[in-house]
Every structure is written in structure tokens, then in C-alpha cells.
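Listing of entry02.txt, compact mmCIF, C-alpha atoms
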```
# COMPACT_ATOMS: atom_id res chain seq x y z
CA MET F 1 -16.57 70.06 58.20
CA PRO F 2 -13.70 68.14 56.59
CA HIS F 3 -12.96 64.66 57.88
CA ARG F 4 -10.33 65.07 60.61
CA VAL F 5 -7.21 62.89 60.46
CA VAL F 6 -5.06 62.97 63.60
CA VAL F 7 -1.53 61.61 63.23
CA LEU F 8 0.12 60.31 66.40
CA ALA F 9 3.81 61.34 66.47
CA LEU F 10 5.88 59.11 68.76
CA ASP F 11 9.52 59.44 69.76
CA GLY F 12 11.77 57.63 67.28
CA LEU F 13 9.45 58.30 64.35
CA LEU F 14 10.47 58.28 60.69
CA PRO F 15 9.98 61.80 59.28
CA PHE F 16 9.10 60.37 55.86
CA GLU F 17 6.20 58.33 57.23
CA LEU F 18 4.98 61.17 59.42
CA GLY F 19 4.62 63.29 56.29
CA ILE F 20 2.58 60.76 54.29
CA PRO F 21 -0.86 61.55 55.79
CA GLN F 22 -0.35 65.30 55.39
CA ARG F 23 0.76 64.89 51.79
CA ILE F 24 -2.06 62.54 50.75
CA PHE F 25 -5.00 63.60 52.92
CA GLY F 26 -3.99 67.22 53.32
CA ARG F 27 -3.79 67.80 49.55
CA SER F 28 -6.96 65.90 48.58
CA LEU F 29 -9.52 68.27 47.09
CA GLY F 30 -13.11 67.76 45.96
CA VAL F 31 -13.81 67.27 42.26
CA GLU F 32 -17.60 67.27 42.20
CA PRO F 33 -19.55 70.47 41.43
CA HIS F 34 -20.71 70.92 45.03
CA ASN F 35 -17.22 70.62 46.57
CA ARG F 36 -14.77 71.31 43.75
CA GLY F 37 -11.46 72.58 45.11
CA ARG F 38 -12.55 72.19 48.73
CA LYS F 39 -10.30 70.40 51.22
CA LEU F 40 -11.73 66.99 52.02
CA TYR F 41 -9.60 66.31 55.10
CA GLU F 42 -8.14 68.29 57.96
CA VAL F 43 -4.84 66.81 59.16
CA MET F 44 -3.54 67.41 62.68
CA THR F 45 -0.42 65.99 64.35
CA CYS F 46 -0.33 65.25 68.07
CA SER F 47 1.98 63.75 70.67
CA VAL F 48 1.35 61.59 73.72
CA ARG F 49 2.65 64.52 75.81
CA PRO F 50 1.77 68.21 75.97
CA PRO F 51 2.90 70.24 72.94
CA GLY F 52 6.65 70.22 72.46
CA PRO F 53 9.57 68.38 70.85
CA VAL F 54 9.36 64.81 69.54
CA ARG F 55 12.51 62.88 68.65
CA THR F 56 12.92 61.38 65.20
CA ASP F 57 15.28 58.68 63.94
CA ALA F 58 17.11 61.42 62.02
CA ASP F 59 19.50 64.09 63.35
CA PHE F 60 16.70 66.53 64.21
CA THR F 61 13.62 66.79 66.36
CA ILE F 62 10.20 68.15 65.42
CA THR F 63 7.88 70.37 67.41
CA VAL F 64 4.32 69.10 67.74
CA GLU F 65 1.70 71.68 68.63
CA HIS F 66 -1.04 69.38 69.95
CA GLY F 67 -1.21 67.02 72.90
CA PRO F 68 -3.06 63.68 73.18
CA GLU F 69 -6.43 65.34 73.73
CA ALA F 70 -6.48 65.98 69.96
CA LEU F 71 -7.22 62.27 69.52
CA ALA F 72 -10.70 62.91 70.94
CA THR F 73 -11.51 65.02 67.86
CA ALA F 74 -10.33 62.46 65.29
CA ASP F 75 -12.46 60.77 62.68
CA THR F 76 -9.36 58.79 61.64
CA VAL F 77 -6.22 58.16 63.71
CA VAL F 78 -2.98 57.34 61.87
CA VAL F 79 -0.04 55.77 63.72
CA PRO F 80 3.24 55.83 61.74
CA THR F 81 6.36 53.84 62.61
CA SER F 82 8.49 54.54 65.66
CA TYR F 83 11.81 52.95 66.54
CA GLU F 84 11.37 53.66 70.24
CA LEU F 85 8.29 51.62 71.17
CA GLY F 86 9.80 49.97 74.24
CA PRO F 87 7.34 47.53 75.88
CA VAL F 88 4.95 47.89 72.94
CA HIS F 89 7.51 46.10 70.79
CA THR F 90 9.04 43.78 73.36
CA GLU F 91 5.98 42.83 75.42
CA GLY F 92 2.96 43.85 73.36
CA ARG F 93 1.65 46.31 75.93
CA LEU F 94 1.10 50.06 75.89
CA THR F 95 3.17 52.42 78.00
CA GLU F 96 1.26 54.52 80.51
CA GLU F 97 1.57 57.54 78.21
CA LEU F 98 0.18 55.64 75.24
CA ALA F 99 -2.64 54.09 77.25
CA ALA F 100 -3.64 57.53 78.51
CA ALA F 101 -3.51 58.89 74.97
CA PHE F 102 -5.66 56.12 73.51
CA ALA F 103 -8.25 56.72 76.23
CA PHE F 104 -9.11 59.90 74.30
CA VAL F 105 -10.03 57.98 71.11
CA ARG F 106 -13.78 57.84 70.58
CA PRO F 107 -15.53 54.54 69.81
CA GLY F 108 -15.98 54.08 66.07
CA THR F 109 -12.90 56.11 65.14
CA ARG F 110 -11.13 54.66 62.10
CA MET F 111 -7.67 53.37 63.02
CA VAL F 112 -4.79 53.27 60.53
CA SER F 113 -1.19 52.12 60.95
CA ILE F 114 1.81 52.59 58.69
CA CYS F 115 4.52 49.95 58.84
CA THR F 116 5.28 48.91 62.46
CA GLY F 117 2.79 51.43 63.77
CA SER F 118 0.68 48.26 63.74
CA TYR F 119 2.37 47.28 67.02
CA VAL F 120 0.77 50.27 68.70
CA ILE F 121 -2.79 49.67 67.55
CA ALA F 122 -2.39 45.94 68.25
CA ALA F 123 -1.23 46.66 71.80
CA ALA F 124 -4.25 48.96 72.15
CA GLY F 125 -6.51 45.99 71.32
CA TYR F 126 -7.78 47.14 67.92
CA LEU F 127 -6.43 44.13 66.01
CA ASP F 128 -7.58 41.24 68.22
CA GLY F 129 -9.10 38.57 66.00
CA ARG F 130 -8.64 40.69 62.89
CA PRO F 131 -6.41 40.50 59.80
CA ALA F 132 -3.44 42.85 59.67
CA THR F 133 -0.07 43.36 58.05
CA THR F 134 3.16 45.10 58.92
CA HIS F 135 6.66 45.41 57.48
CA TRP F 136 7.73 42.02 56.13
CA SER F 137 10.89 41.97 58.28
CA SER F 138 8.80 42.31 61.47
CA ALA F 139 5.95 39.99 60.55
CA ASP F 140 7.16 36.91 62.44
CA HIS F 141 7.94 38.90 65.58
CA PHE F 142 4.64 40.74 65.31
CA GLN F 143 2.75 37.44 65.11
CA ARG F 144 4.57 36.04 68.15
CA THR F 145 3.92 39.23 70.10
CA PHE F 146 0.24 39.38 69.15
CA PRO F 147 -0.93 35.78 68.59
CA ASN F 148 -4.59 36.83 68.37
CA VAL F 149 -3.93 38.89 65.23
CA ARG F 150 -4.25 37.18 61.83
CA VAL F 151 -1.02 38.43 60.24
CA ASP F 152 -0.55 38.42 56.47
CA PRO F 153 3.10 39.27 55.77
CA ASP F 154 2.80 39.25 51.98
CA VAL F 155 0.46 42.14 51.17
CA LEU F 156 0.88 45.90 50.84
CA PHE F 157 -2.07 46.77 53.04
CA ILE F 158 -5.23 45.33 54.56
CA ASP F 159 -8.57 47.12 54.75
CA ASP F 160 -10.72 45.60 57.49
CA GLY F 161 -13.33 48.31 57.54
CA ASP F 162 -12.62 50.61 60.47
CA VAL F 163 -9.09 49.27 61.02
CA LEU F 164 -6.49 49.42 58.24
CA THR F 165 -2.84 48.39 58.34
CA SER F 166 -0.02 48.76 55.82
CA ALA F 167 3.42 47.38 55.17
CA GLY F 168 6.57 49.48 55.25
CA VAL F 169 7.13 53.05 54.13
CA ALA F 170 5.84 53.41 50.54
CA ALA F 171 2.97 51.02 51.27
CA GLY F 172 1.72 53.74 53.62
CA ILE F 173 1.22 55.93 50.54
CA ASP F 174 -0.72 53.11 48.88
CA LEU F 175 -2.94 52.72 51.93
CA CYS F 176 -3.64 56.45 52.27
CA LEU F 177 -4.52 56.65 48.56
CA HIS F 178 -6.78 53.62 49.03
CA ILE F 179 -8.57 55.40 51.87
CA VAL F 180 -9.07 58.53 49.75
CA ARG F 181 -10.38 56.33 46.95
CA ARG F 182 -12.74 54.56 49.35
CA ASP F 183 -13.96 57.83 50.85
CA HIS F 184 -14.24 59.98 47.72
CA GLY F 185 -13.68 57.87 44.61
CA THR F 186 -11.02 57.23 42.02
CA ALA F 187 -10.97 60.71 40.49
CA VAL F 188 -9.88 62.36 43.74
CA ALA F 189 -7.32 59.63 44.51
CA ASN F 190 -5.88 59.73 41.00
CA GLU F 191 -5.46 63.49 41.11
CA ILE F 192 -3.58 63.48 44.42
CA ALA F 193 -1.46 60.56 43.16
CA ARG F 194 -0.62 62.58 40.04
CA LEU F 195 0.39 65.59 42.14
CA THR F 196 2.47 63.37 44.39
CA VAL F 197 4.03 61.63 41.35
CA VAL F 198 3.24 58.11 42.55
CA PRO F 199 1.26 55.27 40.95
CA PRO F 200 -2.45 55.94 41.48
CA HIS F 201 -3.21 52.40 42.51
CA ARG F 202 -1.31 49.39 43.77
CA ASP F 203 -3.68 46.68 44.84
CA GLY F 204 -3.49 45.81 48.53
CA GLY F 205 -2.96 42.15 47.74
CA GLN F 206 0.15 42.83 45.68
CA ALA F 207 3.33 41.22 46.95
CA GLN F 208 5.00 43.30 49.65
CA TYR F 209 8.55 42.16 49.14
CA ILE F 210 9.82 41.82 45.58
CA HIS F 211 13.31 40.37 45.51
CA ARG F 212 14.43 42.52 42.56
CA PRO F 213 12.09 45.55 42.43
CA VAL F 214 14.50 47.44 40.15
CA PRO F 215 15.91 45.32 37.30
CA GLU F 216 19.65 45.04 37.07
CA PRO F 217 20.99 47.11 34.14
CA GLN F 218 22.11 44.12 32.13
CA PHE F 219 18.61 42.66 32.06
CA ALA F 220 15.76 43.75 29.81
CA THR F 221 12.59 44.96 31.55
CA THR F 222 8.90 44.47 30.86
CA THR F 223 8.10 48.17 30.79
CA SER F 224 7.35 48.36 27.07
CA ALA F 225 5.00 45.39 27.23
CA ARG F 226 3.05 46.98 30.06
CA ALA F 227 2.75 50.27 28.19
CA TRP F 228 1.63 48.40 25.07
CA ALA F 229 -1.00 46.48 27.04
CA LEU F 230 -2.35 49.59 28.76
CA GLY F 231 -3.01 51.12 25.36
CA ARG F 232 -5.23 48.23 24.26
CA LEU F 233 -7.06 47.03 27.37
CA ASP F 234 -10.31 46.94 25.39
CA ARG F 235 -8.92 44.21 23.13
CA PRO F 236 -7.82 40.61 23.78
CA ILE F 237 -4.25 40.46 25.08
CA LEU F 238 -2.40 37.16 25.05
CA LEU F 239 0.64 36.41 27.15
CA ARG F 240 2.66 35.55 24.06
CA ASP F 241 1.78 38.95 22.55
CA MET F 242 3.14 40.72 25.62
CA ALA F 243 6.29 38.59 25.54
CA GLN F 244 6.81 39.46 21.88
CA GLN F 245 6.90 43.17 22.75
CA GLU F 246 10.10 42.47 24.69
CA ALA F 247 11.45 39.81 22.30
CA MET F 248 11.37 37.25 25.10
CA SER F 249 10.07 33.73 25.42
CA VAL F 250 6.83 33.40 27.35
CA ARG F 251 8.65 31.63 30.17
CA THR F 252 11.36 34.29 30.50
CA PHE F 253 8.85 37.11 30.20
CA THR F 254 6.59 35.63 32.88
CA ARG F 255 9.48 35.19 35.29
CA ARG F 256 10.86 38.70 34.63
CA PHE F 257 7.40 40.26 34.90
CA ARG F 258 6.76 38.70 38.30
CA GLU F 259 10.21 39.76 39.53
CA GLU F 260 9.58 43.37 38.50
CA VAL F 261 5.89 43.81 39.28
CA GLY F 262 5.26 41.27 42.03
CA VAL F 263 2.28 39.57 40.36
CA SER F 264 1.77 37.48 37.22
CA PRO F 265 0.95 39.16 33.88
CA GLY F 266 -2.59 37.81 34.08
CA GLN F 267 -3.15 39.20 37.57
CA TRP F 268 -1.72 42.55 36.51
CA LEU F 269 -3.98 42.73 33.45
CA SER F 270 -7.01 41.97 35.58
CA GLN F 271 -6.03 44.72 38.03
CA GLN F 272 -5.60 47.26 35.24
CA ARG F 273 -8.95 46.36 33.71
CA VAL F 274 -10.69 46.70 37.05
CA GLU F 275 -9.08 50.10 37.46
CA ARG F 276 -10.22 51.10 33.96
CA ALA F 277 -13.75 49.93 34.74
CA ARG F 278 -13.79 51.89 37.99
CA HIS F 279 -12.83 55.06 36.15
CA LEU F 280 -15.55 54.55 33.54
CA LEU F 281 -18.19 53.76 36.15
CA GLU F 282 -17.36 56.92 38.05
CA SER F 283 -16.80 59.40 35.25
CA THR F 284 -19.15 58.36 32.42
CA ASP F 285 -22.75 57.35 31.87
CA LEU F 286 -21.80 54.41 29.65
CA SER F 287 -23.96 51.33 30.06
CA ILE F 288 -22.59 48.39 32.04
CA ASP F 289 -22.25 46.46 28.77
CA GLN F 290 -20.17 49.24 27.22
CA VAL F 291 -18.00 49.59 30.32
CA ALA F 292 -17.36 45.85 30.15
CA ARG F 293 -16.28 46.11 26.51
CA ASP F 294 -14.12 49.21 26.98
CA ALA F 295 -12.35 47.74 30.02
CA GLY F 296 -11.64 44.50 28.20
CA PHE F 297 -13.94 42.19 30.14
CA GLY F 298 -16.10 41.51 27.10
CA THR F 299 -19.41 40.88 28.82
CA ALA F 300 -21.36 42.47 31.64
CA THR F 301 -21.31 39.13 33.46
CA SER F 302 -17.52 39.02 33.43
CA LEU F 303 -17.35 42.66 34.55
CA ARG F 304 -19.69 41.95 37.48
CA GLN F 305 -17.63 38.97 38.55
CA HIS F 306 -14.35 40.89 38.52
CA ILE F 307 -15.74 44.04 40.18
CA GLN F 308 -17.50 41.98 42.84
CA ALA F 309 -14.33 40.00 43.54
CA ALA F 310 -12.08 43.09 43.65
CA LEU F 311 -14.37 45.62 45.33
CA GLY F 312 -16.98 43.55 47.12
CA VAL F 313 -19.93 45.21 45.35
CA PRO F 314 -21.51 44.93 41.88
CA PRO F 315 -20.79 47.62 39.26
CA THR F 316 -24.14 49.39 39.66
CA VAL F 317 -23.65 49.77 43.41
CA TYR F 318 -20.08 50.99 42.91
CA ARG F 319 -21.25 53.59 40.38
CA ARG F 320 -24.01 54.80 42.67
CA THR F 321 -21.56 55.14 45.57
CA PHE F 322 -18.55 56.67 43.82
CA ARG F 323 -19.88 58.59 40.84
CA THR F 324 -18.00 61.83 40.18
CA THR F 325 -20.12 63.35 37.43
CA ALA F 326 -23.32 65.14 38.42
CA GLY F 327 -26.55 63.94 36.92
CA LEU F 328 -25.46 60.46 35.84
CA GLU F 329 -28.35 58.23 34.86
CA HIS F 330 -28.28 54.76 36.42
```

Write the structure described by the file as C-alpha cells, please.
Amino acid sequence: MPHRVVVLALDGLLPFELGIPQRIFGRSLGVEPHNRGRKLYEVMTCSVRPPGPVRTDADFTITVEHGPEALATADTVVVPTSYELGPVHTEGRLTEELAAAFAFVRPGTRMVSICTGSYVIAAAGYLDGRPATTHWSSADHFQRTFPNVRVDPDVLFIDDGDVLTSAGVAAGIDLCLHIVRRDHGTAVANEIARLTVVPPHRDGGQAQYIHRPVPEPQFATTTSARAWALGRLDRPILLRDMAQQEAMSVRTFTRRFREEVGVSPGQWLSQQRVERARHLLESTDLSIDQVARDAGFGTATSLRQHIQAALGVPPTVYRRTFRTTAGLEH
């Protein structure tokens, strides 16, 4: 059976965020010979009350067809943002309805929050002593409300195994794609990202709040330099070479790059090379040495260090876990 994702729809929800799990999980299809084209997830939406209307923050309501008992069937529970959390937001405690709903959740169920949905799973006790994030504008209040949570306000999302939290709105897309990638590999995640017309991968540690995410028209951007670099990841790339693509000084380019992308050019290059290596490990039978060369790490030792740091496992273990081509030799 497909992995079941149950989305908890609360009064005051943002329709955009409610739709993220359905769009990402509901459209994810298998790519391996044994499951090609098969749905990998089943997505269900439920309320804390019996089936019926749920208010949104827009000028319409939605009708939810499942009550809280659906949570008992979940492999993963997703809690999007709500602007009507009441004592959850002000006092850090669940309402009676929410407490009764969470009583249905089975032990070991994966818990996921989008934006300030983190308040709900924190109030339910899932974040005690654990790292978490939320929307940057709520981070200080969230930390005061839940002092036992280790809040990181600067990242897009945090994966702490069976509990995952994300920052605001679009970061929920990043987190859901990350979960698909973790569950089924890069090929599946990249395909659903392509269909959704979003970047296939933004690292969870990327800055959450970029002061000027869209450059002002009178300023040059670093887009051409990034495209140039992506076309030659297998070769040495110097910072001054990237700056020359935009006819900027290294200092100006570095500042503009960080303003637009949220990380330094060096960090971005490392992320792109890790992503390239992941793709090669999953989809080819190239040796580790060749993967290292093609991804721009040069040596197998450097590749192992970067993959271990980024993914927590060595390349051979990653390939064995996430391969997408049948019959690969390891």
C-alpha cells in the first residue's frame, strides 16, 4: 500500500499551504521498474471535528470529508499553518479538540509541520528537547512559548528523523520534496519538482530570510554566473571566474550573490556538486572515483567527506539506499 499522508486542516488555515502535501506527495510516482508510474503516497485531509466545513484565512471555506479518526491511519501527519490557534499560540497548550485528535496518532508516526504548524506539534509534545524551525517572524515568540525546543530561526527546514519542521510557505515545498527524496531518492523528487515548476533542491540549512530575494531592476544579478558554473561543475571554478561572468569585482559579486541566493558562492558550489554526485550515484554505475571527478570533487576522499557531511552517510551507502537503476553493480 502507498505511504499514507494525513493532512490536518485547522480553522484559519492558508489554502496554499494546505495544498502543498497533495501537490508534492500526491503527484509523486515510482520510477523504478517494479513501481514505475505507481503512486507512492496516498494523501488524505482531515479535521479535528466530524466531516464538514473548515474556515480558511481567505474569503471561502473548504469541506473536509474525514474526521480526526483518520489520524490513526497515518504513516505521516502534516500540520500546515493556521491563524486561529488560540491557546496553542498564546499559551503553548492544545485545545480539547486538538488533544482528542492527537490521541488518534499512533506511536512512531512521522510528524511534519509547515510554517507555524510547528506550534501545534510542539504543544502536542513532539518537539521537546529537539531542534525545530518555524517562520522567521514567529521564531522568538515560538522559543518563549516552548523553551524546551531548540529553535533555529535561520534555516528552511530541519529533519530530525521522525519529526520535521519547515519555515514559512514555500519552505514547506522544500521540506516535502526533501521527504520524497529521503523516501524514494533524487530521481522521484526531481521529477515532481519539474512538474511543479520549482527548484528540485534547496538545502535545509539555506538562509530562511533573504533581505533582497529578488534583485532590484537597476542592479545586475548573478544568474549568468550560476548558469555558467552549473555547466562546468566537473572543472575547477574560481570565485574570480564567476565574478568575471558578470563583469563585477570579486567583492561586489560575493555580496550580490549572497543577497540573491542566501549563501556564499563557495557554499552554493558545494551544494550543487553534492546534488550532482547524488544524481550520479543513483542513476549510473560509475565508480566512486569517476563520480568524484564528474561532480567536481576531484578525489574519492573529497567526495566522501562532502557526502558524509551533507547526507550523513558515505557514497557507497547512499548509492545502495537510493539507487534508481535496476541491476547496478556496487

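What separates atom CA of Ser302 of chain F from atom CA of Gly231 of chain F is a distance of 20.5 Å.
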
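Comparing the minimum interatomic distances between Leu8 of chain F and each of F:Ile62, F:Leu71, F:Leu280, F:Met248, counting all atoms listed in the file, we find that F:Leu71 sits nearest.
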
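Residues within 8 Å of Pro53 of chain F, counting all atoms listed in the file and excluding same-chain residues fewer than 3 positions away, are Thr61, Ile62, Thr63 and Val64 of chain F.
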
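Of the residues listed (F:Phe25, F:Phe146, F:Tyr83, F:Tyr126), F:Tyr83 shows the shortest atom-to-atom separation from Ala9 of chain F; distances use all atoms listed in the file.
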
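Counting only C-alpha atoms and comparing F:His66, F:Arg23, F:Arg251, F:His3, the residue that lies closest to Leu177 of chain F is F:Arg23.
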
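Residues in contact with Leu98 of chain F at 7 Å, where only C-alpha atoms are counted and same-chain residues fewer than 4 positions away are skipped, are listed as Val48, Leu94 and Phe102 of chain F.
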
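For the choices F:Arg106, F:Arg226, F:His89, F:Arg194, the atom-to-atom distance to Phe142 of chain F is smallest for F:His89 when using only C-alpha atoms.
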
Sphere at (-1.5, 54.2, 55.1), radius 6 Å, counting only C-alpha atoms: residues as a ChimeraX atom specification: /F:114,166,172-173,175-176

Measuring atom to atom with all atoms listed in the file, identify which of F:Val250, F:Val197, F:Ala189, F:Ala227 is nearest to Leu269 of chain F. F:Ala227

The residue from F:Val31, F:Leu10, F:Leu239, F:Val263 with the smallest atom-to-atom distance to Leu85 of chain F, counting only C-alpha atoms, is F:Leu10

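Counting only C-alpha atoms, Thr222 of chain F has the following residues at most 7 Å away, ignoring those fewer than 3 positions along the same chain: Ala225, Arg226, Glu246 and Phe257 of chain F.
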
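Residues in contact range of Thr90 of chain F, defined as at most 10 Å between all atoms listed in the file, with sequence neighbours fewer than 3 positions away removed, read F:Leu85, F:Gly86, F:Pro87, F:Arg93, F:Tyr119, F:His141, F:Phe142, F:Thr145.
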
May I have the residues within 9 Å of Asp289 of chain F as a ChimeraX atom specification, using only C-alpha atoms and disregarding those fewer than 4 positions away in the same chain? /F:293-294,298-301,303
